[in-house]
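Peer 1: Next up is a structure, given as structure tokens.
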Amino acid sequence: MASEDFSSSIAKDIPTQLIGRQVLYYPRTTSTNEAAKRLARRGAAEGTVVVADEQTRGRGRQGRSWVASPRSSILASIVLHPAVAQLPQLGMAASLAIMQAIKVITGLESSIKWPNDVLLNGKKVSGILVEGEVTGDRVDFAIVGIGINVNLDVSTLPEIAAIATSLSQETARVVSRLAVWRSLLQEFEELYLSLRWGQSLREEWQAHLETLGRWVQVMGKATLEEGLAEDVDEQGRLLLRKADGTLLVLSEGDVSVV
Ligand code: BTN
């Protein structure tokens, strides 16, 4: 976006204490999650954030890639040091923070498709990839990778044109990446700190899940299950009631309503 100097402002006037206390910006990198992992292994402090204007090997869930044209999106990864018990709720914190940032900056109401896709009008505007390294019962680090389509023209990307959208597409105007970025840091910090203080995010997250109460198919890497999306548990797993009455507890997958 020519009118906004995102890269030079990205580390300035950070509105948070912890998240973003160190910001590393790359004009282009393979994947911010990979860069953040390398930093974390070398002892990067909690709250370090890697941001890029372009990824050459952006990664999504279930081994997929994440596509975005240069300077169109927020592509960021946050290094965290949570307790093991907090790990399953990091994705909840991220999706709720993204929803809230979208609301604050654009006024738009989004929803969450299990596990943590953020949708606007039924199309994906944001995805989250949480990765971690755990030794015994200790989390060495966790990386929360966030992609938000801000000014992405999805029609130029045939692989996602039918299923994705962007903030500019939904508002019919250019949206400030800087404003979304700052709001995201603020919202995520608040939610992450409440997690650290022992609060559960499940209830709030569940309230925004558009998946619940519907008959769905859940596609895993090598599985396909069908049933009623009955509930989610404290770990964010989906409780799927099959037609024969059995209850499946699923941690991963792609949901579609049938
Ligand atoms: C998904 O919905 O499949 C998750 C997408 C996560 C994409 C973000 S973009 C920033 C970070 N770096 C990556 O390589 N992936 C995440």
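Residues in the structure tokens are named by chain (A, B, ... in the order shown) and by number from 1 within that chain; ligands are numbered from 1 in the order shown.
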If you run DSSP on the backbone, which residues of range 125-218 of chain A are helix (DSSP H, G or I), as a PyMOL selection string?

Peer 2: chain A and resi 154-156+167-171+177-196+202-207

Peer 1: Give as a list in words the residues surrounding ligand 1 up to a distance of 7 Å, considering only C-alpha atoms and all ligand atoms.

Peer 2: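 Selection of residues at most 7 Å from ligand 1: Ser31, Thr32, Asn33, Glu34, Arg57, Gly58, Arg59, Gly60, Arg61, Gln62, Arg64, Trp66, Leu75, Ala76, Ser77, Asp117, Ser126, Gly127, Ile128, Leu129, Gly145, Ile146 and Gly147 of chain A.
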
Peer 1: Could you go through range 135-195 of chain A and tell me which residues DSSP, when run on the backbone, assigns to strand (DSSP E or B), listing them as number ranges by chain?

Peer 2: A: 135, 138-149, 164

Peer 1: Kindly save the residues from that selection, with C-alpha atoms included, as a compact mmCIF listing (two decimals), in the first residue's frame.

Peer 2:
# COMPACT_ATOMS: atom_id res chain seq x y z
CA THR A 135 10.17 -31.29 26.58
CA ARG A 138 7.71 -28.03 29.90
CA VAL A 139 6.95 -25.91 26.84
CA ASP A 140 10.29 -24.84 25.35
CA PHE A 141 8.37 -22.34 23.26
CA ALA A 142 5.17 -21.91 21.29
CA ILE A 143 4.77 -19.99 18.07
CA VAL A 144 1.43 -18.42 17.18
CA GLY A 145 1.43 -17.70 13.45
CA ILE A 146 -1.24 -15.34 12.17
CA GLY A 147 -2.21 -14.49 8.62
CA ILE A 148 -4.84 -11.79 8.00
CA ASN A 149 -5.95 -10.83 4.50
CA ALA A 164 -11.30 -16.46 0.96

Peer 1: With distances taken over only C-alpha atoms, which residue among A:Ala101, A:Lys221, A:Leu238, A:Thr29 lies nearest Ser183 in chain A?

Peer 2: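 Residue with the minimum atom-to-atom distance to Ser183 in chain A: A:Ala101.
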
Peer 1: What is the distance between CA of Thr48 in chain A and CA of Ser200 in chain A, in Å to one decimal?

Peer 2: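 Distance between the two atoms: 23.4 Å.
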
Peer 1: Write out as number ranges by chain the residues lying within 10 Å of Ala35 in chain A, counting only C-alpha atoms and excluding same-chain residues fewer than 6 positions away.

Peer 2: A: 24, 26, 29, 49-52, 77

Peer 1: Would you output that residue set with C-alpha atoms, as a PDB file, in the first residue's frame?

Peer 2:
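Now in result_8.pdb:
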ATOM      1  CA  LEU A  24      11.702  -8.296  13.695  1.00  0.00           C
ATOM      2  CA  TYR A  26      11.497  -8.993   7.016  1.00  0.00           C
ATOM      3  CA  THR A  29      11.131 -14.509   4.298  1.00  0.00           C
ATOM      4  CA  VAL A  49       7.193 -11.025  17.019  1.00  0.00           C
ATOM      5  CA  VAL A  50       8.391 -11.729  13.485  1.00  0.00           C
ATOM      6  CA  VAL A  51       6.521  -9.857  10.736  1.00  0.00           C
ATOM      7  CA  ALA A  52       6.985 -10.090   6.982  1.00  0.00           C
ATOM      8  CA  SER A  77       4.444 -15.048  14.305  1.00  0.00           C
TER       9      SER A  77
END

Peer 1: Report the distance between CA of Leu120 in chain A and CA of Glu210 in chain A in Å, rounded to one decimal place.

Peer 2: 11.2 Å

Peer 1: Would you work out the distance separating CA of Ile163 in chain A from CA of Ile74 in chain A, expressed in Å to one decimal?

Peer 2: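 Separation between CA of Ile163 in chain A and CA of Ile74 in chain A: 18.3 Å.
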
Peer 1: When you count only C-alpha atoms, which of these residues is closest to Asp137 in chain A: A:Pro82, A:Glu54, A:Leu184, A:Ala93?

Peer 2: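 The closest residue to Asp137 in chain A is A:Pro82.
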
Peer 1: Nearest to Ile102 in chain A among A:Arg21, A:Arg177, A:Arg237, A:Lys37, with distances taken over only C-alpha atoms: which residue is it?

Peer 2: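 Between A:Arg21, A:Arg177, A:Arg237, A:Lys37, the residue approaching Ile102 in chain A most closely is A:Arg177.
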
Peer 1: Per residue of range 97-128 of chain A within 12 Å of range 212-220 of chain A, what are the shortest atom pair and its distance in Å to one decimal, counting only C-alpha atoms, with rows by chain and residue number, as a Markdown table?

Peer 2:
| residue | atom | partner | partner_atom | distance |
| --- | --- | --- | --- | --- |
| A:Ser111 | CA | A:Leu212 | CA | 11.7 |
| A:Ile112 | CA | A:Leu212 | CA | 10.3 |
| A:Lys113 | CA | A:Leu212 | CA | 9.1 |
| A:Trp114 | CA | A:Leu212 | CA | 8.6 |
| A:Pro115 | CA | A:Val218 | CA | 10.8 |

Peer 1: Restricting the calculation to only C-alpha atoms: of A:Leu239, A:Leu119, A:Val150, A:Leu178, which residue gets closest to Ala11 in chain A?

Peer 2: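 Counting only C-alpha atoms, the residue closest to Ala11 in chain A is A:Leu178.
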